[in-house]
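Here is the file data04.txt (compact mmCIF, C-alpha atoms and all ligand atoms).
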# COMPACT_ATOMS: atom_id res chain seq x y z
CA MET A 45 78.30 106.95 91.09
CA ARG A 46 81.45 104.78 91.11
CA LYS A 47 81.27 101.31 92.59
CA PRO A 48 83.29 101.12 95.86
CA LEU A 49 86.60 99.30 95.47
CA ALA A 50 85.79 96.75 98.19
CA GLU A 51 82.63 95.83 96.26
CA ILE A 52 84.63 95.45 93.05
CA TYR A 53 87.12 93.11 94.75
CA ASN A 54 84.22 91.17 96.27
CA GLY A 55 82.93 90.74 92.73
CA PHE A 56 86.10 89.33 91.29
CA ALA A 57 87.64 87.58 94.28
CA GLN A 58 87.29 84.13 92.70
CA THR A 59 88.65 85.12 89.27
CA TYR A 60 91.44 87.19 90.76
CA GLU A 61 92.60 84.30 92.85
CA GLN A 62 92.44 81.86 89.94
CA ASN A 63 94.78 84.14 87.95
CA ARG A 64 97.04 84.97 90.88
CA GLY A 65 99.40 82.08 90.06
CA LEU A 66 100.38 83.87 86.85
CA PHE A 67 102.19 86.45 88.94
CA ASP A 68 105.33 84.66 90.02
CA MET A 69 107.12 86.61 92.71
CA LYS A 70 108.81 83.79 94.59
CA ASP A 71 112.28 85.33 94.20
CA LEU A 72 111.07 88.68 95.60
CA LEU A 73 109.46 86.95 98.54
CA GLU A 74 112.52 84.86 99.27
CA ARG A 75 114.87 87.84 99.03
CA PHE A 76 112.71 89.85 101.44
CA TYR A 77 112.38 86.91 103.81
CA ASP A 78 116.12 86.14 103.78
CA ASP A 79 116.91 89.74 104.82
CA LEU A 80 114.68 89.57 107.89
CA GLU A 81 116.62 89.21 111.09
CA VAL A 82 114.06 87.20 113.03
CA GLU A 83 112.79 83.68 112.85
CA LYS A 84 109.16 82.97 113.68
CA GLY A 85 108.25 86.65 113.66
CA ILE A 86 104.96 88.43 113.11
CA LEU A 87 103.91 89.82 109.72
CA LEU A 88 101.27 92.43 108.94
CA ASP A 89 100.01 92.19 105.34
CA LEU A 90 98.01 95.25 104.28
CA GLY A 91 95.55 94.47 101.47
CA CYS A 92 96.22 90.77 101.98
CA GLY A 93 93.55 89.60 99.52
CA ALA A 94 93.20 85.81 99.60
CA GLY A 95 96.44 85.34 101.54
CA GLU A 96 98.37 83.87 98.61
CA PRO A 97 101.27 84.01 98.17
CA PHE A 98 102.42 86.27 101.03
CA GLY A 99 100.43 85.10 104.03
CA ARG A 100 100.89 81.47 103.01
CA PHE A 101 104.67 81.88 102.54
CA PHE A 102 105.17 83.30 106.04
CA VAL A 103 102.76 80.90 107.76
CA ASP A 104 104.67 78.02 106.17
CA ARG A 105 107.81 79.39 107.84
CA ASN A 106 106.15 79.45 111.26
CA TRP A 107 105.42 83.16 111.31
CA ARG A 108 102.22 84.55 112.72
CA VAL A 109 100.39 86.66 110.14
CA THR A 110 97.72 89.35 110.44
CA GLY A 111 96.06 90.30 107.15
CA VAL A 112 94.00 93.45 106.66
CA ASP A 113 91.61 93.80 103.72
CA PHE A 114 88.32 95.57 103.19
CA SER A 115 86.91 92.92 100.85
CA ASP A 116 85.05 90.32 102.89
CA ARG A 117 84.94 87.96 99.88
CA MET A 118 88.73 88.08 99.58
CA LEU A 119 88.97 87.33 103.29
CA GLU A 120 86.55 84.39 102.94
CA MET A 121 88.99 82.92 100.45
CA ALA A 122 91.90 83.71 102.75
CA ALA A 123 90.12 81.77 105.51
CA ARG A 124 90.15 78.73 103.20
CA TYR A 125 93.69 79.12 101.81
CA VAL A 126 95.49 80.36 104.90
CA PRO A 127 93.26 79.50 107.87
CA GLU A 128 96.17 80.21 110.24
CA MET A 129 96.18 83.88 109.22
CA LYS A 130 94.35 86.29 111.54
CA THR A 131 92.30 88.70 109.45
CA VAL A 132 90.81 92.13 109.98
CA CYS A 133 88.13 93.29 107.56
CA ALA A 134 88.77 97.03 107.40
CA ASP A 135 90.22 99.87 105.37
CA MET A 136 93.96 99.81 106.03
CA ARG A 137 93.79 103.54 106.81
CA ASP A 138 91.43 102.89 109.72
CA VAL A 139 93.24 100.12 111.59
CA ASP A 140 95.64 100.65 114.46
CA PHE A 141 98.06 98.40 116.33
CA ALA A 142 100.31 98.79 119.34
CA PRO A 143 103.79 100.21 118.65
CA GLY A 144 106.35 97.56 117.67
CA SER A 145 103.72 94.86 117.04
CA PHE A 146 105.28 93.47 113.84
CA ASP A 147 108.63 92.22 112.54
CA ALA A 148 107.68 92.85 108.92
CA ILE A 149 104.94 94.68 107.03
CA THR A 150 103.94 94.07 103.41
CA ALA A 151 101.50 95.88 101.12
CA ILE A 152 101.50 94.02 97.82
CA TYR A 153 99.51 95.50 94.93
CA SER A 154 97.35 97.39 97.43
CA LEU A 155 98.88 100.77 98.33
CA PHE A 156 98.19 102.06 94.81
CA HIS A 157 94.47 101.86 95.63
CA VAL A 158 94.90 104.30 98.56
CA PRO A 159 94.85 108.04 97.74
CA LYS A 160 98.41 109.38 97.65
CA ALA A 161 97.42 112.17 100.05
CA ASP A 162 96.94 109.44 102.68
CA HIS A 163 100.29 107.70 102.08
CA PRO A 164 102.41 109.82 104.47
CA ALA A 165 100.09 109.12 107.43
CA LEU A 166 99.99 105.42 106.54
CA PHE A 167 103.79 105.21 106.31
CA GLU A 168 104.04 106.88 109.71
CA LYS A 169 101.68 104.32 111.22
CA MET A 170 103.59 101.47 109.58
CA ARG A 171 106.80 102.81 111.08
CA ARG A 172 105.18 102.93 114.52
CA TRP A 173 103.72 99.40 114.23
CA LEU A 174 107.06 97.94 113.19
CA ASN A 175 109.68 96.90 115.69
CA PRO A 176 112.97 98.81 115.29
CA THR A 177 114.73 95.98 113.41
CA GLY A 178 111.71 95.32 111.19
CA LYS A 179 111.40 95.73 107.42
CA VAL A 180 108.68 96.65 104.98
CA LEU A 181 108.04 95.63 101.40
CA PHE A 182 105.45 97.29 99.20
CA THR A 183 104.47 97.63 95.57
CA TYR A 184 104.05 101.15 94.19
CA ALA A 185 102.46 102.27 90.93
CA THR A 186 104.42 104.65 88.69
CA LYS A 187 104.07 106.06 85.20
CA GLU A 188 105.22 102.65 83.89
CA TYR A 189 101.73 101.47 84.90
CA THR A 190 99.48 104.54 84.64
CA GLY A 191 101.32 106.55 81.96
CA SER A 192 101.53 109.68 84.17
CA ASP A 193 104.21 110.95 86.55
CA GLU A 194 101.51 111.37 89.18
CA PHE A 195 98.08 109.80 89.07
CA ASP A 196 94.77 110.04 90.90
CA GLY A 197 92.03 108.39 88.90
CA TYR A 198 90.56 105.28 87.36
CA LYS A 199 92.01 102.52 85.20
CA GLU A 200 90.39 99.44 83.73
CA PHE A 201 91.32 96.16 85.40
CA MET A 202 89.49 92.88 84.74
CA GLY A 203 86.56 94.74 83.17
CA GLU A 204 86.05 97.19 86.06
CA GLN A 205 87.17 100.77 86.61
CA LEU A 206 89.51 100.72 89.60
CA TYR A 207 90.83 103.70 91.51
CA TYR A 208 94.64 104.10 91.48
CA SER A 209 96.83 106.77 93.01
CA HIS A 210 100.54 107.49 93.10
CA THR A 211 103.02 110.31 93.23
CA THR A 212 106.50 110.34 91.64
CA PRO A 213 109.15 107.89 92.92
CA GLU A 214 111.15 110.86 94.28
CA ALA A 215 108.17 112.20 96.28
CA LEU A 216 107.41 108.65 97.45
CA TYR A 217 110.99 108.21 98.76
CA GLU A 218 110.65 111.50 100.64
CA ASP A 219 107.38 110.34 102.27
CA VAL A 220 109.00 107.03 103.25
CA ARG A 221 112.08 108.74 104.70
CA ASN A 222 110.00 111.36 106.49
CA ALA A 223 108.18 108.53 108.24
CA GLY A 224 111.53 107.36 109.65
CA PHE A 225 112.41 104.54 107.25
CA THR A 226 115.67 103.93 105.41
CA ILE A 227 115.05 102.72 101.88
CA SER A 228 117.11 99.61 101.18
CA SER A 229 115.99 98.78 97.65
CA SER A 230 113.68 100.05 94.95
CA ASP A 231 113.38 98.10 91.70
CA TYR A 232 111.05 98.10 88.75
CA ARG A 233 109.80 94.59 88.13
CA ASP A 234 107.66 93.31 85.29
CA ILE A 235 105.56 90.49 86.67
CA GLY A 236 102.74 89.04 84.59
CA GLY A 237 103.18 91.88 82.06
CA GLU A 238 102.66 94.66 84.64
CA THR A 239 105.50 96.88 85.81
CA PHE A 240 105.53 98.26 89.34
CA LEU A 241 108.11 99.61 91.71
CA TRP A 242 109.00 97.16 94.51
CA VAL A 243 110.34 99.01 97.54
CA THR A 244 111.92 97.63 100.70
CA ALA A 245 112.73 99.81 103.70
CA ASP A 246 114.17 99.32 107.18
CA GLY A 247 112.39 100.57 110.25
C1 LIG A 301 95.30 93.66 93.71
S1 LIG A 301 94.70 92.94 95.18
C2 LIG A 301 96.20 92.29 95.92
C3 LIG A 301 95.92 91.23 96.98
C4 LIG A 301 97.18 90.56 97.56
N1 LIG A 301 98.03 91.51 98.25
C5 LIG A 301 97.95 89.87 96.45
O1 LIG A 301 99.11 90.25 96.23
O2 LIG A 301 97.38 88.97 95.83
C6 LIG A 301 94.40 94.38 96.17
C7 LIG A 301 93.76 94.06 97.51
O3 LIG A 301 93.85 95.22 98.33
C8 LIG A 301 92.60 95.41 98.97
N2 LIG A 301 92.51 96.84 99.28
C9 LIG A 301 92.60 97.89 98.41
N3 LIG A 301 92.51 99.04 99.07
C10 LIG A 301 92.36 98.75 100.39
C11 LIG A 301 92.22 99.52 101.57
N4 LIG A 301 92.20 100.85 101.55
N5 LIG A 301 92.11 98.87 102.75
C12 LIG A 301 92.11 97.52 102.81
N6 LIG A 301 92.23 96.72 101.72
C13 LIG A 301 92.37 97.33 100.52
C14 LIG A 301 91.57 94.89 97.99
O4 LIG A 301 90.36 94.54 98.60
C15 LIG A 301 92.30 93.68 97.39
O5 LIG A 301 92.06 92.49 98.10

Can you give me the file's structure in the form of structure tokens?
Ligand SMILES: C[S@@+](CC[C@H](N)C(=O)[O-])C[C@H]1O[C@@H](n2cnc3c(N)ncnc32)[C@H](O)[C@@H]1O
Amino acid sequence: MRKPLAEIYNGFAQTYEQNRGLFDMKDLLERFYDDLEVEKGILLDLGCGAGEPFGRFFVDRNWRVTGVDFSDRMLEMAARYVPEMKTVCADMRDVDFAPGSFDAITAIYSLFHVPKADHPALFEKMRRWLNPTGKVLFTYATKEYTGSDEFDGYKEFMGEQLYYSHTTPEALYEDVRNAGFTISSSDYRDIGGETFLWVTADG
């Protein structure tokens, strides 16, 4: 039987965080932040991990941040690094928030661990949780990472077999638009030797 993903992330929380600094995404963060139309807003970070760099970046700019992650070890680290961040230890597919609760929603290197069949429902929830002027930013896996146009399976990462899932960029854009978003940018970025699609959308 496969080890559950939350257990795997519990196992390498410390190592993951030590290596996290190798992934420099300051320009992406700043560009997303600069496009937001509110000051001191509220961010939801899905799959927040240890809260660095996203939670930290927004907290430092006087935003309130809620992080969701199903790895309690990752959240223990987040409590040390970003104690101001409110955290919820849960599968991001199981949480719910009141409509319009957030000014921005991020899912950085996390959505690709959620089965693609569940993406449309998650995008719909994100759209509902976001206020009408809000924006989302998420990382999406594509064949540049998995080698296949669509993927539902396991790949080695830091010595463990991790579950990844994605559809094609075109099918992704359709899911995002069907949820009510307008896509504002979609760029392939190589960060730390790994290429993913970085998508921003307006609520
Ligand atoms: C690659 S790490 C990225 C962490 C953080 N966003 C960052 O950029 O450093 C993926 C994180 O997503 C979490 N995660 C994966 N699938 C999840 C799910 N379905 N619900 C909640 N958290 C999830 C993992 O526990 C892990 O902390």

- Task: Identify which of the residues A:Asp78, A:Glu238, A:Asp147, A:Asp231 lies closest to ligand LIG 301 (chain A), counting all atoms listed in the file when measuring atom-to-atom distances.
- Result: A:Glu238

- Task: Could you give me, as a PyMOL selection string, the residues within 10 Å of region 160-176 of chain A, counting all atoms listed in the file and dropping anything in the same chain fewer than 6 positions from it?
- Result: chain A and resi 86-88+90+136-150+194-196+208-211+216+218-225+245-247

- Message: Around ligand LIG 301 (chain A), which protein and nucleic acid residues have at least one atom no more than 8 Å from it, if we count only C-alpha atoms and all ligand atoms? List them as a PyMOL selection string.
- Response: chain A and resi 49-50+53-54+57+60-61+64+89-98+112-115+118-119+133-137+151-158

- Message: Report, in Å with one decimal, the straight-line distance from CA of Leu72 (chain A) to CA of Glu51 (chain A).
- Response: 29.3 Å

- Task: For each of A:Glu81, A:Glu214, A:Glu204, A:Asp104, take the minimum atom-to-atom distance to Thr177 (chain A), counting all atoms listed in the file, then give the residue where this is smallest.
- Result: A:Glu81

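Remark: for Pro159 (chain A), the closest of the candidate residues A:Trp242, A:Phe182, A:Phe201, A:Tyr207 is A:Tyr207 (distances computed over all atoms listed in the file).
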
- Note on the structure: What separates CA of Val180 (chain A) and CA of Glu128 (chain A) is a distance of 21.3 Å

- Proximity to Asn106 (chain A) - best of A:Ala122, A:Ile227, A:Met129, A:Met45, only C-alpha atoms: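 Of the candidates, the smallest distance to Asn106 (chain A) is held by A:Met129.
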
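Each of A:Leu206, A:Ile52, A:Val109, A:Ala185 was checked against Tyr232 (chain A) using all atoms listed in the file; the smallest atom-to-atom distance is that of A:Ala185.
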
- Query: Mind pulling up the distance from CA of Lys130 (chain A) to CA of Phe240 (chain A)?
  - Reply: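 Distance reported for this atom pair: 27.6 Å.
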
- Task: List every protein, DNA or RNA residue that has at least one atom no more than 12 Å from (112.8, 92.1, 94.1) in the file's coordinates, counting all atoms listed in the file, and write the result as a list in words.
- Result: Asp68, Met69, Lys70, Asp71, Leu72, Leu73, Glu74, Arg75, Phe76, Tyr77, Asp78, Asp79, Leu181, Phe182, Thr183, Ser228, Ser229, Ser230, Asp231, Tyr232, Arg233, Asp234, Ile235, Phe240, Leu241, Trp242, Val243 and Thr244 of chain A

Please put the answer as AutoDock Vina command-line options: centre and edge lengths, in Å with one decimal, of a box along x, y and z that encloses all listed atoms of region 141-152 of chain A plus 8 Å on each side.
--center_x 103.3 --center_y 96.2 --center_z 108.6 --size_x 26.6 --size_y 24.0 --size_z 37.5

- Item | Counting only C-alpha atoms, the residue of A:Lys179, A:Arg117, A:Tyr125, A:Gln58 that sits nearest Gly85 (chain A) | A:Lys179
